[in-house]
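File shown here: query09.pdb, holding PDB, C-alpha atoms.
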MODEL        1
ATOM      1  CA  MET A   1       0.000   0.000   0.000
ATOM      2  CA  PRO A   2       1.479   3.402  -0.935
ATOM      3  CA  LEU A   3       2.387   5.647   1.953
ATOM      4  CA  ILE A   4       0.291   8.712   2.705
ATOM      5  CA  GLN A   5       2.257  11.906   2.177
ATOM      6  CA  SER A   6       2.763  14.366   5.008
ATOM      7  CA  ALA A   7       0.399  17.322   5.229
ATOM      8  CA  ASP A   8       3.514  19.522   5.477
ATOM      9  CA  PRO A   9       5.899  17.928   2.940
ATOM     10  CA  LYS A  10       9.544  18.928   3.245
ATOM     11  CA  LEU A  11      10.890  17.132   0.150
ATOM     12  CA  SER A  12       8.105  17.635  -2.371
ATOM     13  CA  GLY A  13       9.337  17.231  -5.940
ATOM     14  CA  LYS A  14      12.801  16.054  -4.892
ATOM     15  CA  THR A  15      14.618  12.809  -5.585
ATOM     16  CA  ALA A  16      16.713  11.068  -2.934
ATOM     17  CA  LEU A  17      19.095   8.146  -3.368
ATOM     18  CA  ILE A  18      19.537   6.118  -0.189
ATOM     19  CA  VAL A  19      22.280   3.502   0.098
ATOM     20  CA  GLY A  20      21.569   0.713   2.555
ATOM     21  CA  ALA A  21      17.838   1.255   2.177
ATOM     22  CA  SER A  22      16.463  -2.249   2.597
ATOM     23  CA  ALA A  23      16.277  -2.197   6.413
ATOM     24  CA  GLY A  24      16.972  -0.235   9.569
ATOM     25  CA  ILE A  25      17.923   3.432   9.307
ATOM     26  CA  GLY A  26      17.930   3.409   5.508
ATOM     27  CA  LEU A  27      14.448   1.930   5.217
ATOM     28  CA  ALA A  28      13.030   4.228   7.908
ATOM     29  CA  SER A  29      14.520   7.189   6.047
ATOM     30  CA  ALA A  30      13.132   6.022   2.710
ATOM     31  CA  ARG A  31       9.656   5.751   4.202
ATOM     32  CA  LEU A  32       9.892   9.181   5.806
ATOM     33  CA  PHE A  33      11.344  10.878   2.724
ATOM     34  CA  ALA A  34       8.540   9.418   0.612
ATOM     35  CA  GLU A  35       5.940  10.559   3.140
ATOM     36  CA  HIS A  36       7.353  14.042   2.654
ATOM     37  CA  GLY A  37       6.955  13.937  -1.099
ATOM     38  CA  ALA A  38      10.309  12.639  -2.344
ATOM     39  CA  ASN A  39      10.949  10.043  -4.998
ATOM     40  CA  VAL A  40      13.351   7.545  -3.422
ATOM     41  CA  VAL A  41      15.945   5.267  -5.002
ATOM     42  CA  LEU A  42      16.519   2.318  -2.670
ATOM     43  CA  VAL A  43      20.033   0.902  -3.067
ATOM     44  CA  GLY A  44      21.217  -2.268  -1.345
ATOM     45  CA  ARG A  45      22.450  -5.815  -1.793
ATOM     46  CA  ASN A  46      19.389  -7.802  -0.700
ATOM     47  CA  ARG A  47      17.021  -7.945  -3.672
ATOM     48  CA  ASP A  48      14.066  -9.403  -1.789
ATOM     49  CA  ARG A  49      14.120  -6.832   1.021
ATOM     50  CA  LEU A  50      14.553  -3.988  -1.487
ATOM     51  CA  ARG A  51      11.549  -5.133  -3.505
ATOM     52  CA  ALA A  52       9.433  -5.504  -0.363
ATOM     53  CA  ALA A  53      10.406  -1.997   0.747
ATOM     54  CA  ALA A  54       9.611  -0.531  -2.673
ATOM     55  CA  ASP A  55       6.258  -2.319  -2.776
ATOM     56  CA  GLU A  56       5.406  -0.883   0.633
ATOM     57  CA  ILE A  57       6.319   2.680  -0.330
ATOM     58  CA  GLY A  58       4.673   2.564  -3.746
ATOM     59  CA  GLU A  59       5.364   4.203  -7.083
ATOM     60  CA  GLN A  60       7.637   6.800  -5.491
ATOM     61  CA  ALA A  61      10.217   4.075  -4.770
ATOM     62  CA  LEU A  62      12.696   2.467  -7.142
ATOM     63  CA  PRO A  63      14.747  -0.532  -5.902
ATOM     64  CA  VAL A  64      18.283  -0.898  -7.290
ATOM     65  CA  VAL A  65      20.513  -3.824  -6.336
ATOM     66  CA  ALA A  66      24.144  -2.777  -5.950
ATOM     67  CA  ASP A  67      27.168  -3.646  -3.839
ATOM     68  CA  VAL A  68      28.842  -0.381  -2.821
ATOM     69  CA  ARG A  69      32.254  -2.044  -2.763
ATOM     70  CA  PHE A  70      32.155  -1.967  -6.566
ATOM     71  CA  ALA A  71      32.304   1.490  -8.132
ATOM     72  CA  ASP A  72      30.600   0.447 -11.366
ATOM     73  CA  GLN A  73      27.569  -0.933  -9.515
ATOM     74  CA  LEU A  74      27.161   2.202  -7.411
ATOM     75  CA  GLU A  75      27.608   4.492 -10.397
ATOM     76  CA  ALA A  76      24.956   2.508 -12.269
ATOM     77  CA  ALA A  77      22.512   3.188  -9.415
ATOM     78  CA  PHE A  78      22.987   6.928  -9.930
ATOM     79  CA  ASP A  79      22.473   6.492 -13.678
ATOM     80  CA  ILE A  80      19.232   4.582 -13.065
ATOM     81  CA  ALA A  81      17.987   7.331 -10.741
ATOM     82  CA  MET A  82      18.582   9.946 -13.417
ATOM     83  CA  GLU A  83      16.938   7.817 -16.104
ATOM     84  CA  ARG A  84      13.840   7.403 -13.932
ATOM     85  CA  TRP A  85      13.396  10.898 -12.500
ATOM     86  CA  GLY A  86      15.818  13.168 -14.348
ATOM     87  CA  GLN A  87      17.280  14.829 -11.281
ATOM     88  CA  LEU A  88      18.930  14.144  -7.944
ATOM     89  CA  ASN A  89      18.614  16.358  -4.865
ATOM     90  CA  VAL A  90      19.608  14.235  -1.870
ATOM     91  CA  VAL A  91      22.101  11.412  -1.333
ATOM     92  CA  PHE A  92      22.208   9.398   1.891
ATOM     93  CA  ASN A  93      25.363   7.246   2.145
ATOM     94  CA  ASN A  94      24.153   4.772   4.742
ATOM     95  CA  ALA A  95      25.832   1.444   3.984
ATOM     96  CA  GLY A  96      27.649  -0.375   6.754
ATOM     97  CA  PRO A  97      28.994  -3.820   7.661
ATOM     98  CA  GLY A  98      27.092  -6.557   9.381
ATOM     99  CA  ASN A  99      29.579  -6.758  12.239
ATOM    100  CA  ALA A 100      31.927  -4.082  13.585
ATOM    101  CA  GLY A 101      33.562  -6.149  16.329
ATOM    102  CA  GLU A 102      35.515  -8.750  14.425
ATOM    103  CA  ALA A 103      39.099  -8.905  15.681
ATOM    104  CA  LEU A 104      41.717  -7.208  17.788
ATOM    105  CA  ILE A 105      44.223  -5.149  15.802
ATOM    106  CA  GLN A 106      46.976  -7.746  16.069
ATOM    107  CA  ASP A 107      44.581 -10.466  14.884
ATOM    108  CA  MET A 108      42.851  -8.534  12.105
ATOM    109  CA  THR A 109      43.948  -9.399   8.592
ATOM    110  CA  ALA A 110      44.760  -6.739   6.037
ATOM    111  CA  GLU A 111      41.866  -8.067   3.953
ATOM    112  CA  GLN A 112      39.409  -7.547   6.833
ATOM    113  CA  PHE A 113      40.668  -4.009   7.390
ATOM    114  CA  ASP A 114      40.458  -3.221   3.674
ATOM    115  CA  ASP A 115      36.866  -4.472   3.536
ATOM    116  CA  TYR A 116      35.823  -2.112   6.332
ATOM    117  CA  ILE A 117      37.449   0.772   4.475
ATOM    118  CA  ALA A 118      35.766  -0.267   1.211
ATOM    119  CA  VAL A 119      32.242  -0.423   2.640
ATOM    120  CA  ASN A 120      32.365   2.379   5.197
ATOM    121  CA  LEU A 121      34.717   4.977   3.697
ATOM    122  CA  ARG A 122      35.495   4.306   0.042
ATOM    123  CA  ALA A 123      31.792   3.825  -0.717
ATOM    124  CA  VAL A 124      31.014   7.205   0.876
ATOM    125  CA  PHE A 125      33.719   8.807  -1.255
ATOM    126  CA  LEU A 126      32.232   7.176  -4.353
ATOM    127  CA  GLY A 127      28.721   8.229  -3.365
ATOM    128  CA  MET A 128      29.899  11.813  -3.096
ATOM    129  CA  LYS A 129      31.897  11.620  -6.319
ATOM    130  CA  PHE A 130      28.979  10.337  -8.382
ATOM    131  CA  ALA A 131      26.463  12.638  -6.702
ATOM    132  CA  ILE A 132      28.279  15.964  -7.013
ATOM    133  CA  PRO A 133      27.757  16.684 -10.738
ATOM    134  CA  LEU A 134      24.108  15.589 -10.511
ATOM    135  CA  LEU A 135      23.402  17.745  -7.459
ATOM    136  CA  GLU A 136      25.189  20.659  -9.081
ATOM    137  CA  SER A 137      23.048  20.354 -12.217
ATOM    138  CA  ALA A 138      19.953  20.435  -9.971
ATOM    139  CA  GLY A 139      21.095  23.730  -8.451
ATOM    140  CA  GLY A 140      22.357  22.205  -5.213
ATOM    141  CA  GLY A 141      21.321  19.624  -2.685
ATOM    142  CA  SER A 142      22.291  17.646   0.373
ATOM    143  CA  ILE A 143      24.758  14.809   0.939
ATOM    144  CA  ILE A 144      24.280  12.898   4.192
ATOM    145  CA  SER A 145      26.401  10.016   5.466
ATOM    146  CA  THR A 146      26.090   7.680   8.417
ATOM    147  CA  SER A 147      28.983   7.287  10.824
ATOM    148  CA  SER A 148      29.016   5.853  14.358
ATOM    149  CA  ILE A 149      30.012   6.822  17.865
ATOM    150  CA  GLY A 150      32.818   4.333  17.213
ATOM    151  CA  ALA A 151      34.397   7.143  15.180
ATOM    152  CA  ILE A 152      34.740   9.354  18.255
ATOM    153  CA  SER A 153      35.379   6.819  21.021
ATOM    154  CA  GLY A 154      37.449   3.671  21.191
ATOM    155  CA  VAL A 155      35.742   0.313  20.684
ATOM    156  CA  THR A 156      37.414  -3.030  21.349
ATOM    157  CA  SER A 157      37.825  -5.260  18.271
ATOM    158  CA  ALA A 158      36.496  -2.606  15.895
ATOM    159  CA  ALA A 159      39.604  -0.781  14.705
ATOM    160  CA  GLY A 160      38.862  -1.151  11.002
ATOM    161  CA  TYR A 161      35.255  -0.052  11.379
ATOM    162  CA  SER A 162      36.067   2.882  13.669
ATOM    163  CA  ALA A 163      38.926   4.085  11.473
ATOM    164  CA  ALA A 164      36.700   4.024   8.407
ATOM    165  CA  LYS A 165      33.884   5.883  10.160
ATOM    166  CA  ALA A 166      36.318   8.505  11.476
ATOM    167  CA  GLY A 167      37.487   8.957   7.896
ATOM    168  CA  VAL A 168      33.907   9.788   6.917
ATOM    169  CA  HIS A 169      34.039  12.767   9.293
ATOM    170  CA  ALA A 170      37.172  14.126   7.606
ATOM    171  CA  LEU A 171      35.744  13.442   4.157
ATOM    172  CA  THR A 172      32.553  15.283   5.115
ATOM    173  CA  ARG A 173      34.447  18.390   6.228
ATOM    174  CA  ASN A 174      36.544  18.427   3.077
ATOM    175  CA  ALA A 175      33.525  17.958   0.828
ATOM    176  CA  ALA A 176      31.673  20.752   2.637
ATOM    177  CA  ALA A 177      34.628  23.070   2.062
ATOM    178  CA  GLU A 178      34.745  22.197  -1.634
ATOM    179  CA  LEU A 179      31.012  22.292  -2.337
ATOM    180  CA  SER A 180      29.495  25.099  -0.273
ATOM    181  CA  HIS A 181      29.740  27.586  -3.136
ATOM    182  CA  LYS A 182      27.770  25.131  -5.279
ATOM    183  CA  ASN A 183      24.866  25.132  -2.778
ATOM    184  CA  ILE A 184      25.633  21.526  -1.828
ATOM    185  CA  ARG A 185      25.573  20.803   1.891
ATOM    186  CA  VAL A 186      27.461  17.822   3.348
ATOM    187  CA  ASN A 187      26.868  16.446   6.839
ATOM    188  CA  VAL A 188      27.318  13.200   8.748
ATOM    189  CA  ILE A 189      24.991  11.572  11.286
ATOM    190  CA  VAL A 190      26.676   9.803  14.218
ATOM    191  CA  PRO A 191      24.270   7.271  15.774
ATOM    192  CA  GLY A 192      24.721   5.401  19.022
ATOM    193  CA  GLN A 193      22.816   2.234  19.964
ATOM    194  CA  VAL A 194      20.003   1.870  17.400
ATOM    195  CA  THR A 195      17.692  -1.109  16.888
ATOM    196  CA  SER A 196      18.795  -1.575  13.289
ATOM    197  CA  ARG A 197      20.160  -4.718  11.603
ATOM    198  CA  PHE A 198      23.693  -3.783  12.651
ATOM    199  CA  GLY A 199      25.568  -6.910  13.715
ATOM    200  CA  LEU A 200      23.602  -9.270  11.464
ATOM    201  CA  PRO A 201      24.709 -10.863   8.181
ATOM    202  CA  SER A 202      23.003  -9.303   5.161
ATOM    203  CA  ASP A 203      20.901 -12.412   4.496
ATOM    204  CA  ALA A 204      19.824 -13.024   8.110
ATOM    205  CA  PRO A 205      16.398 -11.929   9.399
ATOM    206  CA  GLN A 206      16.204  -9.549  12.331
ATOM    207  CA  THR A 207      14.035 -10.869  15.126
ATOM    208  CA  GLU A 208      12.252  -9.018  17.897
ATOM    209  CA  ALA A 209      14.714 -10.685  20.285
ATOM    210  CA  ASP A 210      17.572  -8.992  18.379
ATOM    211  CA  ARG A 211      15.891  -5.617  18.801
ATOM    212  CA  GLU A 212      15.155  -6.201  22.464
ATOM    213  CA  ALA A 213      18.811  -7.061  23.116
ATOM    214  CA  ILE A 214      19.832  -3.692  21.651
ATOM    215  CA  ARG A 215      17.150  -1.917  23.677
ATOM    216  CA  ALA A 216      18.495  -3.565  26.834
ATOM    217  CA  ARG A 217      22.034  -2.340  26.080
ATOM    218  CA  GLY A 218      20.700   1.138  25.402
ATOM    219  CA  ALA A 219      18.842   1.148  28.718
ATOM    220  CA  LEU A 220      22.116   0.448  30.531
ATOM    221  CA  MET A 221      24.457   2.695  28.534
ATOM    222  CA  SER A 222      22.395   5.769  27.703
ATOM    223  CA  PRO A 223      21.578   8.597  30.126
ATOM    224  CA  MET A 224      18.138   8.571  28.450
ATOM    225  CA  ALA A 225      17.852   4.890  29.466
ATOM    226  CA  ARG A 226      16.888   3.726  25.985
ATOM    227  CA  ALA A 227      18.278   2.778  22.619
ATOM    228  CA  GLY A 228      17.389   4.716  19.524
ATOM    229  CA  GLU A 229      14.955   3.463  16.929
ATOM    230  CA  PRO A 230      15.638   3.771  13.177
ATOM    231  CA  GLU A 231      12.939   6.449  13.030
ATOM    232  CA  ASP A 232      14.945   8.619  15.451
ATOM    233  CA  ILE A 233      17.800   8.748  12.957
ATOM    234  CA  ALA A 234      15.437   9.083   9.986
ATOM    235  CA  ASN A 235      13.986  12.251  11.521
ATOM    236  CA  LEU A 236      17.484  13.747  11.661
ATOM    237  CA  ALA A 237      18.180  12.637   8.091
ATOM    238  CA  LEU A 238      14.957  14.343   6.951
ATOM    239  CA  PHE A 239      16.044  17.569   8.640
ATOM    240  CA  LEU A 240      19.436  17.447   6.911
ATOM    241  CA  ALA A 241      17.852  16.575   3.560
ATOM    242  CA  SER A 242      15.363  19.431   3.716
ATOM    243  CA  ASP A 243      15.685  23.192   3.457
ATOM    244  CA  ASP A 244      15.216  23.360   7.235
ATOM    245  CA  SER A 245      18.986  22.790   7.503
ATOM    246  CA  SER A 246      19.972  25.244   4.768
ATOM    247  CA  PHE A 247      22.657  26.890   6.960
ATOM    248  CA  ILE A 248      24.253  23.652   8.180
ATOM    249  CA  THR A 249      27.191  21.979   6.448
ATOM    250  CA  GLY A 250      30.393  20.178   7.368
ATOM    251  CA  GLN A 251      28.935  18.942  10.649
ATOM    252  CA  ALA A 252      29.006  15.616  12.486
ATOM    253  CA  ILE A 253      25.725  15.451  14.410
ATOM    254  CA  VAL A 254      25.595  12.895  17.214
ATOM    255  CA  ALA A 255      22.314  11.121  17.990
ATOM    256  CA  ASP A 256      23.135   8.691  20.787
ATOM    257  CA  GLY A 257      20.887   9.464  23.751
ATOM    258  CA  GLY A 258      23.803  11.199  25.475
ATOM    259  CA  MET A 259      26.145   8.198  25.518
ATOM    260  CA  THR A 260      29.235  10.126  24.411
ATOM    261  CA  SER A 261      28.495  13.279  26.393
ATOM    262  CA  VAL A 262      28.022  11.586  29.783
ATOM    263  CA  ASN A 263      30.042   8.856  31.460
ATOM    264  CA  HIS A 264      28.446   5.674  30.165
ATOM    265  CA  TRP A 265      28.423   4.105  33.610
ATOM    266  CA  ILE A 266      25.918   6.669  34.846
ATOM    267  CA  ARG A 267      23.016   4.223  34.683
ATOM    268  CA  GLN A 268      24.784   1.643  36.819
ATOM    269  CA  LEU A 269      25.933   4.269  39.332
ATOM    270  CA  ARG A 270      22.382   5.470  39.819
ATOM    271  CA  ASP A 271      21.445   2.008  41.037
ATOM    272  CA  VAL A 272      24.313   1.644  43.522
TER     273      VAL A 272
ENDMDL
END

Here is a file; write its structure as C-alpha cells.
Amino acid sequence: MPLIQSADPKLSGKTALIVGASAGIGLASARLFAEHGANVVLVGRNRDRLRAAADEIGEQALPVVADVRFADQLEAAFDIAMERWGQLNVVFNNAGPGNAGEALIQDMTAEQFDDYIAVNLRAVFLGMKFAIPLLESAGGGSIISTSSIGAISGVTSAAGYSAAKAGVHALTRNAAAELSHKNIRVNVIVPGQVTSRFGLPSDAPQTEADREAIRARGALMSPMARAGEPEDIANLALFLASDDSSFITGQAIVADGGMTSVNHWIRQLRDV
C-alpha cells in the first residue's frame, strides 16, 4: 500500500538516493522521505528486502541492487535514478557492515581491514563523487552520510570499522569546504545504539529478540535509558535533507541518547 504523504511535505518534488535502504535506518529514512513527497531510489544488496520496501512505499520508490564495494555498480545506481526521474537532490550514504567487532588489531587481517574501508569509507567517497555533478546540475542539494560513535570513542575489536567511520568525518568536512559555493551541503549523522540490523549478516532476518537485546544495552548505557529506533535517525536525516537545515554543512551530528556526552556508567551508578 502506498504511503500517505505528510500534510507539510519537506521534500516535495525532490529525488533522494539512499544507500543501505532495505532495512533499519535506511528503510526508515526512505519511508519518511517518501511521506514528505520525495521520490526515493533504494540501493542495497538484498534484492528481496529492497523489492518488499519498494512495494510498501509505492510508485515513489525504485529498488536498485548494488554492492557499494564496486564502483561500477554504485555508479549505475545513480544512472538509473537519473533515467527514472531526471534529477537528484539528496544522497544518503548509509551502507555499513554486518559486524563491527571482528578482531583485535593484532589479529585482524589486512583483507578484513580493507573491507571495512571499502564499505564504510570508500563507498562514501564514491557516493559523493557520483552525486556531485548531478546535485550541481539540480542547483544544489544535500549529501548525508552515516557514521558511528565508534568514530569518536574507542571500541574493542572494531579498529577497522572505527577508522573508516572517522574517515567519513574528515571526508565530510573536506567535501563541505569544496562544495558550499555550489549550494551543496554535506553532513554526517553519528548514531549510538540503534535497533537496526547492525551486527547481522546481510541475508539473516532480524528478530524481535535482536531488537530487544539492543534496547536492553541502550537502557544500561544511555543517560536517556533507551536505545534509539531507526525512526529517530530518519527524523534527523529528513532535517538534513530538507531546506530546514539550509545553513548547516560540514557537521558531524551525534544522535546517541547522550552516551558520548556523559560517562556511560551513569546508569549503573544510579542504582548503587

Please enumerate the residues selected by the PyMOL selection byres ((chain A and resi 70) around 12) when evaluated against the supplied file, formatted as a PyMOL selection string. chain A and resi 45+65-69+71-77+115+118-119+122-124+126-127

Residues matched by the PyMOL selection byres ((chain A and resi 164) around 8) as number ranges by chain: A: 116-117, 120-121, 151, 160-163, 165-168

So which residues touch stretch 178-188 of chain A within 6 Å, counting only C-alpha atoms, skipping near sequence neighbours fewer than 5 positions away, as JSON, numbers by chain? {"A": [140, 141, 142, 143, 144, 145, 146, 172, 249, 250, 251, 252]}

Could those residues be written to a file, using C-alpha atoms, as a PDB file, keeping the file's coordinate frame?
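Final output, part29.pdb:
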ATOM      1  CA  GLY A 140      22.357  22.205  -5.213  1.00  0.00           C
ATOM      2  CA  GLY A 141      21.321  19.624  -2.685  1.00  0.00           C
ATOM      3  CA  SER A 142      22.291  17.646   0.373  1.00  0.00           C
ATOM      4  CA  ILE A 143      24.758  14.809   0.939  1.00  0.00           C
ATOM      5  CA  ILE A 144      24.280  12.898   4.192  1.00  0.00           C
ATOM      6  CA  SER A 145      26.401  10.016   5.466  1.00  0.00           C
ATOM      7  CA  THR A 146      26.090   7.680   8.417  1.00  0.00           C
ATOM      8  CA  THR A 172      32.553  15.283   5.115  1.00  0.00           C
ATOM      9  CA  THR A 249      27.191  21.979   6.448  1.00  0.00           C
ATOM     10  CA  GLY A 250      30.393  20.178   7.368  1.00  0.00           C
ATOM     11  CA  GLN A 251      28.935  18.942  10.649  1.00  0.00           C
ATOM     12  CA  ALA A 252      29.006  15.616  12.486  1.00  0.00           C
TER      13      ALA A 252
END

Hey, can you pull every residue with an atom no more than 9 Å from (14.2, -4.1, 6.4), using all atoms listed in the file, and send it as a PDB file with C-alpha atoms, keeping the file's coordinate frame?
ATOM      1  CA  ALA A  21      17.838   1.255   2.177  1.00  0.00           C
ATOM      2  CA  SER A  22      16.463  -2.249   2.597  1.00  0.00           C
ATOM      3  CA  ALA A  23      16.277  -2.197   6.413  1.00  0.00           C
ATOM      4  CA  GLY A  24      16.972  -0.235   9.569  1.00  0.00           C
ATOM      5  CA  ILE A  25      17.923   3.432   9.307  1.00  0.00           C
ATOM      6  CA  GLY A  26      17.930   3.409   5.508  1.00  0.00           C
ATOM      7  CA  LEU A  27      14.448   1.930   5.217  1.00  0.00           C
ATOM      8  CA  ALA A  28      13.030   4.228   7.908  1.00  0.00           C
ATOM      9  CA  ARG A  49      14.120  -6.832   1.021  1.00  0.00           C
ATOM     10  CA  LEU A  50      14.553  -3.988  -1.487  1.00  0.00           C
ATOM     11  CA  ALA A  52       9.433  -5.504  -0.363  1.00  0.00           C
ATOM     12  CA  ALA A  53      10.406  -1.997   0.747  1.00  0.00           C
ATOM     13  CA  SER A 196      18.795  -1.575  13.289  1.00  0.00           C
ATOM     14  CA  ARG A 197      20.160  -4.718  11.603  1.00  0.00           C
ATOM     15  CA  PRO A 205      16.398 -11.929   9.399  1.00  0.00           C
ATOM     16  CA  GLN A 206      16.204  -9.549  12.331  1.00  0.00           C
TER      17      GLN A 206
END

Which of these residues is nearest to A:Val155, using all atoms listed in the file: A:Ala61, A:Ile105, A:Val262, A:Leu42?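 Nearest to A:Val155: A:Ile105.
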
If I take atom CA of A:Leu104 and atom CA of A:Ala209, how far is one from the other in Å, to one decimal?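 If I compute the distance from atom CA of A:Leu104 to atom CA of A:Ala209, I get 27.3 Å.
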